[in-house]
Each structure stands twice: as C-alpha cells, then as structure tokens.
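Worksheet for the structure shown next.
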Amino acid sequence: MASKKRIQQALAFGLFRIVSLIVVGILFSILFFITIRGIGVINWTFITAMPEDGMTAGGIFPAIVGTLCLMIGSMIFAFPVGVMSAVYLNEYMKDSWLKRFVSMMTDNLAGVPSIVFGLFGMALFVNKLGFGDSILAGSLTLGLLSLPVIIRTTEEALKTVDDSLRIGSYALGATKLQTIRRVVLPIAFPNIMTGLILSMSRVSGETAPILFTVAAYFLPKLPTGWHDQVMALPYHLYVLTTSGTNMEAARPMAYGTAFVLIVIVLLFNLLANIIRKHFGRKVKMN
Amino acid sequence: MKRKWFKIIEKGVESVLFTSSLTTSITVILIVIFLFSEGIGLFFSKPIDKDSIIGISKQNTVSKLSSAQLNHIFNQDLTNWKAFGGKNDSIQLLSINNIGDYFAEEELGSSFENIPNKINEFVQKHPGAIVSFSKTYMPKQFAGKLLEINNVGVWEFLSGKLWYPTAQPVAQLGVLPLILGTVLVSLVAILMALPLSIACAIYLAEVANSKIRNILKPLIELLAGIPSVVYGFFGLIVIVPEVQRIFNLPVGETAFTGSIVLAIMALPTIITVAEDALRSVPRSTKEASLALGATHWQTIVRVCIPTAKSGIAAGIILGIGRAIGETMAVLMVTGNASTMPSLFAPARTIPATIAAELGEAPSGGLHFKALFALSIILFIITFGINLSVSYVKNKNKSN
Amino acid sequence: MKKVVSIVMSLVMAGAGVVNAQRVVCKIKGSDTCLPLIQKESETYQKKNAGSSIMVTGGGSGVGFAAILAGTTDIAMASRSMKMDEKLKMNEAGKAYTEKVIAKDALSVIVNPTNKIGQLTREQLEGIFTGKITNWKQVGGEDLAIVVYSRETSSGTYEFFKEHVLNKKNFGPKALLMPATGAIVQSVSQTKGAIGYVGLAYLEKTVKALKVSYDKGKTFVEPSVENAKNKTYPITRPLYFYYLKSSEKQVGSFVNYLLSAEGQSIVLKEGYIPLQ
C-alpha cells in the first residue's frame, strides 16, 4: 500500500520536475536565440551611431537615448507621486471605505491594458492638453502606467518596517512627519528603490503607450526638450520587424535591438536583486 | 512659535500626500470619462460621416434603409430598387468618390460651389438615383428627398460580423469577430499555460530544494519583465513558420500562434503568484497532514492546493487579464484578419485593432468614436477581471 | 534626489557628443510606401544642408491626412490622392493646401516564388482579393487555398488597390491585414499560397511579381520602371506630398530638392519611378 503512494508521488514529482525544466527551457531558449543572433551585431558603432541606409546600417543610438529619456521622464512623475501616495496610504490613512476604495482603484489601474493607457494618453495629453507628440506626453502616460506598481512596492516596503520603531520614535517626541522622514523611509529605502528600478525596466519595454504619444520612425537629431518626439527601442524593434524595403538586411539590426532590450531588463533586474539582497528585505513585485 | 510653524508645515505636507494618494483614483475616473464620452457618442451617430446626408429621388417609394442594406447598395451587390421593395429601377449611385465620373472638375467649381446644382441635376435625371454628400454641399432646395438612416445601434455594433470602419459612404461597424478573436486567443493561451504553470509552481514551492529555487525563482521573475515586442519578434520569426510547417496550414499567422505566444508570456505571471500562494500555506497545516500519515504528494493535492486555492485563482485571473490586454505581440503574429475566428485561421483582437487603426482616425470622427467604443469593451472586460481578482483575494482574507 | 534626476536628464538630452540646439524644421508623416524613399532623400538632403532637420514617420497615407488636418505634421506623404471627403474636411477647416506629385510607383502583385501562376487579369485579381475566388486551381494553378495579404485601412496602397483593381469593392473579410509593407513581403515569401500587393521598391528576390492584364487577357505586362514609364503597366500611381500653403517657406526647399535632378535620381535608385 505504502509503495503505491510512493510510486504515485515519485511519478508526479518527476513529471513536475520535467515540466518545470521545459518551462524554464522554453523561456531560456527565446533568450538564447536572440542573444546568439544579436550579440554579434553589438559594437561601438551600433550603440553610438544614427541609423543609416534605410535602417540597414549604422546604429540605434537615438532609440537608446529616447528610451532613457522616457525612463527618466516617467519616473520624474511616477516616483514622487507614487511614494507620497504609498506613504499616505500606509502611514496616515485609517482603514475606512475611502482607503479600500483607493486601494481598489490602484489595483484596477494596474490591470488596465497598455493600449488603453496609450489611447487615454493620446486623448488627454496629446489632444486635450495640447502637448502634442512629445516626451512630456509620453512620460506622463508611462508614468501613470508605472504608478500602481510603485505604490504597491512602496507600501510593501513601508509595511516591513517594524511598528516598534515608529512607536519608539514617537516616544522620543518626534512628530509623525519626522518619524516618517528619519526612521521609516530610510529603512524602507532599499525596497522602495527596488520598485523604482523594476518600474524603469518595465517602462523601457512598453510600446503601446508610446505609439500615439511620442514615438517616431526616424529622427535626424537627438531630442533637446520636453516637446520633442523621440525614437524608442521597443518601437524601433517593431518597425524594423514590420517595415522597411530590405527586411533581410535590417534583420541583424532587429536582433541587436532585441538584445539591447533584453540586456536592459537583465541589468535592472540584477541591480534590483543586489539591492534587495544586500540592503533590504524581500518585497514582492505583484 | 516654532511649534505652530511645524504644525502648519505638517498639515500642509499631509494634504499634499493626501492629494497624491488620490491620483490613481482620479486617473481611473478620468479614463472612464474619456472612454465613455467619446465611445458612447458612437451610438448617437449615424454610420456615415458626421455631416453626411443620403438622398434619393422624389419618385422613389423607399424611405428608410438599414446600414446593412446601404452597404449592399454601395458595394454594388444589389443593383435594383426592387430588392428593397421599391420600383423596378436600377440604382444610380452618386457620391463624393465617383462624382468625378459624371462631371469634370471644372464643372464643379474651384471651391466646389457647383456641387449642389449638379446633385439636383443628377437626382432629377435618374429616378433610381441615390446620392451621398456632406451637409455643406447638399443643395438648399433638394430636388429629391432625404433617406432616413438609423444611428449605429448597440446590438448592431456588438453582433455585426463585418468590420470595415473606413468604408464609404456607410461604414460597417460590427465588432463580434474582434470580441471573439480576443476571447479565443486569450482563453486558448490560458488553457495551454495553466497546467504548465501550476505544475511549475508546485515544483518550486514544494519539491525543489532551496538551492534550485533560489536560482529558478529570480530567473522566472526576470522573464516576466521581457518586453512584449521581443516576444512578438520571436513569435514572428520562429513560431509563425514552425506552426505553418508542423500543422501544415496555408498560413502560419493564426489565432493559435497568438495563443502560443501569449501562453509563454503568461507563464511567469501565473507561476510567481501561484508559487507565492502555495508558499504561504502555514507549515502547521502541512505538518499536521504529514503527521497523519499522508505522503508529500497527497498533502499537496489535498491540503496545500485547496488552502492556496484563492491565491492560485488570483494568479490565473491575472494571467488572463494580461493575455487579453496584450497588444504588440498579438499584432505581430495573428494576421489581423477581421473575420469570424477559428483556431487555425488568422484572427484579429481588440487591442491589435486599436493599435493598428487609431493613427488614421481623424480626431472626433466616426472611426475614432468606434475605436473608443471598442476600448470601452476592452476596459469593461479587464475591469471585470480585476474585480474578480479582488473578490477572490478578499475571500481568501476572510478564510 | 530630484536635483540629481534633473541633472542626469539634461545630460542625457544634451546628447552624448552631439550638441545641437536646432529644433526639428520639417515633420513628414504618412505613407508607408513612400517611407524608404523619403527617408533616403532626407538623409542626403540633411548631409547637404547642415542646419536642417527632417523628421519622418509612417503609419499609412490615412495617418498623414489625419495629421495634416490636425496640424501635427508639415507634410503629409501619400500613395493615393486625397479623397473627396478629406478635401472637403480641409476646405471646411479653412486649410488651403498644395498637392505635389513627387514620384511615381508601380503597384506590384506578388506571390510566393513556388507558385506556378505567373500572370492574372484584373477580373481574376478582383475575385481573389474580394474573397470570391478561394483556391488557386480556380485560376489555373495548384489545388491550394489562396491566402490574401493586404495592408491596413490606413494605407493609401490599400485604398488605391481597392479603388482601381477591385473597382471600389471591399476586400474579403478573410484577408490578413498587415501593419506595414515589409510584413507583407515577409509573409508572402514564407507562405506557399499567398498573394499580396506592394510598391515596386519593395520587390525582392524572395517574392515573385505577377504580370497583370487590364484587357481581359490579351496582353500581360510585368511591373518595372520602364513599363511604368511607357505606361504599358496598368497599375501605376503618383506619390504625393500635401502641405499647407502657409508652410510653403518651411518645406519648400526640401520639396524642390525632391523634384530636382539629384532628388529624382535617388527616386530611381530606390526603386521608384522618376517624374519624366
């Protein structure tokens, strides 16, 4: 009798082990496929030159610059607002219908598809507020996209700060604001940073929100201000894959762009993990 | 003095923080307002251009047509008024697109001032005439009578099978193939991802030793962050030709290909959430089961999974939500044919439609409103999914 | 923290090495067909005129027209002429515009290289693309299902093909709508039963161009620059620039460059048909 159960268990566990290896294998083979074909394309020219000759030669520098601008721009909006929201929600707000409502709204915003953000960003920032296709409109749209994630991770980070530390601070006569500024935030800081870094990584890969708010096919010069359009890596990969007269010749550039995108995600995740391990306690992303 | 000053600053900061916390709620409300104000406007518009009027000859006995019938006329599928209960007259179309066939551009005037007269001429000459023009160019004394057209109906919109939003002069706005396409691609994706991700989650949470888990878990989280264009790129280059080859299909861009790509994208999401749910099953519960003589496997099946049921369900629902809202990867691999979908044929999803068509829709026009109406549908679906996640999570809390 | 962020942001935007305070002088949006040509022209133009800057975006002729109506672009490039109702909208908005033909294009019908069929009449093309003919054997080929590839509705090529080859009938609902011409070439080269339509400049060895007959089968002509020039190839179309009369000063120089001998030689080199 016991051996039947044992066999059942061994079969099940063995099957699951294989399935897990298959899953990880699939995901990894995608990465390897792109890496092998993309890494050969990467050289100094690729990273620092403008695209030439119908996107079949030269580099992807403006797309890299554009993506960096959007990452920083979106965080300028999302980070302060997100952290402040989380601080208020976690430190000030009492459990009430309002708090539950705000939490629910935050969760709902997290689930809105990225194309709806793009549509909304276009309707509000580009059309109604008249910013036009610009870094400003794109950053605001991407900022709204990242807001729920930053709020959630910051809230989790604040929750891991032991309450006894807050109480101790009050006991010493500090006000609520002082406690937050000098006790809670510094302790939660590494985990908050993790959320920031992971959000930046996500923003670097989003295409749908920037389609109608900022992305351009080809720009002759780098952007100089908030009102300029930019090229961006994910959009660049999309156009390299679907447009252009000489798709075969542009293919290596596409592999290179995809590889750069993967490297960005890899680096940022690594950075977040290092910060998490060395400075902070574990905080979940979702 | 200083105390008072501090208090004012503190109050000030607190209100700033309070305002920030309302940002997400305001955003959701704004999204709803924008989507609905533009999208609902669709059902108060006629399926022809905002200022368009359709007129027929005074002698014509027909007075009202549906947009489907109008489409038959303008597609030249039906060419005689008899088919609509009118007289035996052949239908003569005159519209913005073919007025050049009947009159030279000089006759129309340098800024089109002669068009109204030419319209009247045409309607009086041809008893079977039907003309379609913008309000500004219709003659003040129209020699024919105006044809009544119904507004775009909600049922017509939701159940129509043809999506030709730019057809002239009557647009065909039927979104059923788009809704079905979205649902088909997403559901099949989740069906494929489900067993794999649950198995993987169980392995990571219960079976794998901590060394393996510490390597695999971050790796899977990393893979959740890969942008969707990269998956779409891989799908277009590798999966599309392979699907075509393996299943011997006429074309590789199908709903099934889209499902495969979406399944791969949904895997990390479902795995991480389900694994977290399984890990949060209290040790005491597991140990009690083992103490009663159950094997590890039996414990998992009969204790852990039921306990973690709501967390796992939340993960699945989140995966579905991600699949339904995915735009770029689907746009690149499903072929975007706006026909009633079948698994191994090309399909068109709602997000892909919006992404592909929004650029060309003039702001405020009929096509623009139709795309907003589509995004309302998408928003309602994903909102419903989010509400069910919240509901499931709350049920868990009360357990 | 904020100070650091704004410093980093301005550094990034100052451009690593390329400090150029010039604002974009000319925005061009629209036709996917024209995109490779205009991008090449703008590259060479900018090399000659160092202070200038031209920004090119695609999306389809429809996108260009919507943009010029909304005022978000200086030039709308198009592979079809403005539809009457677009002209009326511009008129109603009070925007006087200039239409200039800058080059010509031969619209080629392509099939997979393994397809035995080498020529079709316009009537057969109409039947195939509207979905009435569904198998290659119905037009003399193998027993293979026809897979129709088309552009999205925003494309001028789509509208042109619908108006001139399909006689204004709608494409069949089973047609696969691809976001850009390059995707059509890619898919047709990979799919045995495929048929699609692309501008002449997009022809590659990986696809086969069909000969077309507009006189019910008496003469079949293949798409090429010569056949387009001597008007024997029936599916040729002008490529347009539309810009507001008020933007004349801003865009005039680039438009003239396009129409100049050097600009037209680039047209020929890129696979389009120059204006003579």
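By convention here, the chains of the structure tokens are called A, B, ... in the order presented, each chain's residues are numbered starting at 1, and ligands are numbered starting at 1 in the order presented.
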Should the cut-off be 6 Å, what would the residue list for chain C against chain B look like, counting only C-alpha atoms, as a count of residues only? 12
Quick one: residues within 9 Å of Glu248 of chain A, only C-alpha atoms counted, chain neighbours fewer than 4 positions away excluded, as a PDB file with all heavy atoms, in the first residue's frame?
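Generated output (selection00.pdb):
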```pdb
ATOM      1  N   THR A  56      19.327  49.789 -42.384  1.00  0.00           N
ATOM      2  CA  THR A  56      20.059  48.539 -42.525  1.00  0.00           C
ATOM      3  C   THR A  56      21.496  48.676 -42.077  1.00  0.00           C
ATOM      4  O   THR A  56      22.231  47.702 -42.028  1.00  0.00           O
ATOM      5  CB  THR A  56      20.079  48.072 -44.000  1.00  0.00           C
ATOM      6  OG1 THR A  56      20.653  49.112 -44.778  1.00  0.00           O
ATOM      7  CG2 THR A  56      18.677  47.800 -44.484  1.00  0.00           C
ATOM      8  N   PRO A 252      19.513  41.888 -38.902  1.00  0.00           N
ATOM      9  CA  PRO A 252      20.544  41.933 -37.850  1.00  0.00           C
ATOM     10  C   PRO A 252      20.338  43.096 -36.893  1.00  0.00           C
ATOM     11  O   PRO A 252      20.534  42.949 -35.687  1.00  0.00           O
ATOM     12  CB  PRO A 252      21.860  42.086 -38.627  1.00  0.00           C
ATOM     13  CG  PRO A 252      21.570  41.631 -39.991  1.00  0.00           C
ATOM     14  CD  PRO A 252      20.127  41.882 -40.247  1.00  0.00           C
TER      15      PRO A 252
ATOM     16  N   GLN C 186       7.502  39.753 -46.203  1.00  0.00           N
ATOM     17  CA  GLN C 186       7.976  38.671 -45.351  1.00  0.00           C
ATOM     18  C   GLN C 186       7.015  37.490 -45.383  1.00  0.00           C
ATOM     19  O   GLN C 186       7.402  36.342 -45.571  1.00  0.00           O
ATOM     20  CB  GLN C 186       8.076  39.216 -43.915  1.00  0.00           C
ATOM     21  CG  GLN C 186       8.158  38.208 -42.844  1.00  0.00           C
ATOM     22  CD  GLN C 186       9.569  37.951 -42.431  1.00  0.00           C
ATOM     23  OE1 GLN C 186      10.490  38.594 -42.946  1.00  0.00           O
ATOM     24  NE2 GLN C 186       9.773  37.032 -41.535  1.00  0.00           N
TER      25      GLN C 186
END
```
Nearest candidate to Ile30 of chain A (options B:Gly293, B:Gly232, B:Gly258, B:Gly321; using only C-alpha atoms): B:Gly232
Could you write out, as an NGL selection string, all the residues of segment 17-130 of chain A that DSSP marks as alpha helix (DSSP H)? :A and (17-39 or 44-48 or 61-87 or 97-111 or 114-121)
Could you work out which residues of chain B fall inside 6 Å of chain A? Count only C-alpha atoms, and format the result as a ChimeraX atom specification. /B:17,20-21,24-25,199-200,203,227,230,297,325,386
Would you list the contacts of segment 264-268 of chain B as a short mmCIF file (atom, residue, chain, number, x, y, z; two decimals) with N, CA, C and O atoms, in the first residue's frame, taking every protein, DNA or RNA residue within 9 Å and counting only C-alpha atoms, but skipping same-chain residues closer than 5 positions in sequence?
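Final output, result03.cif:
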```cif
data_model
loop_
_atom_site.label_atom_id
_atom_site.label_comp_id
_atom_site.auth_asym_id
_atom_site.auth_seq_id
_atom_site.Cartn_x
_atom_site.Cartn_y
_atom_site.Cartn_z
N VAL A 23 9.44 24.47 -19.00
CA VAL A 23 9.02 25.88 -18.94
C VAL A 23 10.24 26.79 -18.96
O VAL A 23 10.35 27.71 -19.77
N ILE A 26 11.93 26.67 -22.32
CA ILE A 26 11.30 27.47 -23.37
C ILE A 26 11.72 28.93 -23.24
O ILE A 26 12.18 29.56 -24.19
N LEU A 27 11.54 29.44 -22.00
CA LEU A 27 11.83 30.85 -21.79
C LEU A 27 13.29 31.15 -22.09
O LEU A 27 13.62 32.16 -22.70
N ALA B 189 -4.77 30.45 -24.86
CA ALA B 189 -3.46 30.70 -24.25
C ALA B 189 -3.44 30.26 -22.80
O ALA B 189 -2.52 29.59 -22.35
N ILE B 190 -4.49 30.63 -22.06
CA ILE B 190 -4.52 30.28 -20.65
C ILE B 190 -4.67 28.77 -20.48
O ILE B 190 -4.04 28.17 -19.61
N ALA B 193 -1.32 27.48 -20.85
CA ALA B 193 -0.36 27.88 -19.82
C ALA B 193 -0.70 27.28 -18.47
O ALA B 193 0.19 27.06 -17.64
N LEU B 194 -1.97 27.03 -18.23
CA LEU B 194 -2.43 26.62 -16.90
C LEU B 194 -1.73 25.39 -16.36
O LEU B 194 -1.09 25.45 -15.30
N LEU B 196 0.96 23.86 -17.25
CA LEU B 196 2.40 24.03 -17.14
C LEU B 196 2.75 24.91 -15.94
O LEU B 196 3.67 24.60 -15.17
N SER B 197 2.02 26.00 -15.76
CA SER B 197 2.42 26.91 -14.69
C SER B 197 2.07 26.36 -13.32
O SER B 197 2.82 26.57 -12.37
N ILE B 220 12.67 33.29 -13.32
CA ILE B 220 11.31 33.40 -13.85
C ILE B 220 10.79 34.82 -13.69
O ILE B 220 10.10 35.35 -14.57
N GLU B 221 11.15 35.46 -12.57
CA GLU B 221 10.73 36.86 -12.42
C GLU B 221 11.38 37.74 -13.48
O GLU B 221 10.77 38.66 -14.01
N LEU B 222 12.64 37.42 -13.82
CA LEU B 222 13.32 38.16 -14.89
C LEU B 222 12.55 38.02 -16.19
O LEU B 222 12.32 38.99 -16.91
N LEU B 223 12.12 36.78 -16.48
CA LEU B 223 11.45 36.53 -17.74
C LEU B 223 10.10 37.23 -17.81
O LEU B 223 9.60 37.51 -18.89
N ALA B 224 9.51 37.54 -16.64
CA ALA B 224 8.25 38.27 -16.66
C ALA B 224 8.46 39.69 -17.14
O ALA B 224 7.52 40.35 -17.57
N ILE B 226 10.47 40.65 -19.67
CA ILE B 226 10.87 40.80 -21.07
C ILE B 226 9.75 41.50 -21.82
O ILE B 226 8.59 41.12 -21.71
N SER B 228 7.01 42.88 -24.51
CA SER B 228 6.16 42.07 -25.38
C SER B 228 6.60 42.14 -26.84
O SER B 228 6.38 41.19 -27.59
N TYR B 231 8.86 39.25 -27.46
CA TYR B 231 8.12 38.01 -27.67
C TYR B 231 7.46 38.00 -29.05
O TYR B 231 7.43 36.98 -29.73
N SER B 259 -2.00 32.45 -29.48
CA SER B 259 -2.19 31.81 -28.17
C SER B 259 -0.87 31.28 -27.63
O SER B 259 -0.60 31.39 -26.44
N VAL B 273 2.72 34.09 -8.94
CA VAL B 273 1.62 34.29 -8.00
C VAL B 273 1.19 32.98 -7.35
O VAL B 273 0.99 32.89 -6.14
N ILE B 316 -4.24 32.94 -11.87
CA ILE B 316 -4.79 32.58 -13.18
C ILE B 316 -5.53 33.76 -13.78
O ILE B 316 -5.37 34.10 -14.95
N LEU B 318 -5.12 36.91 -13.15
CA LEU B 318 -4.17 37.94 -13.57
C LEU B 318 -3.55 37.58 -14.91
O LEU B 318 -3.35 38.43 -15.78
N GLY B 319 -3.26 36.27 -15.07
CA GLY B 319 -2.71 35.83 -16.35
C GLY B 319 -3.68 36.08 -17.49
O GLY B 319 -3.29 36.54 -18.56
N ILE B 320 -4.96 35.78 -17.24
CA ILE B 320 -5.98 36.02 -18.27
C ILE B 320 -6.02 37.51 -18.62
O ILE B 320 -6.04 37.90 -19.78
N ARG B 322 -3.69 39.70 -18.35
CA ARG B 322 -2.52 40.10 -19.13
C ARG B 322 -2.68 39.65 -20.57
O ARG B 322 -2.35 40.38 -21.51
N ALA B 323 -3.20 38.45 -20.77
CA ALA B 323 -3.34 37.93 -22.13
C ALA B 323 -4.34 38.74 -22.94
O ALA B 323 -4.11 39.06 -24.10
#
```
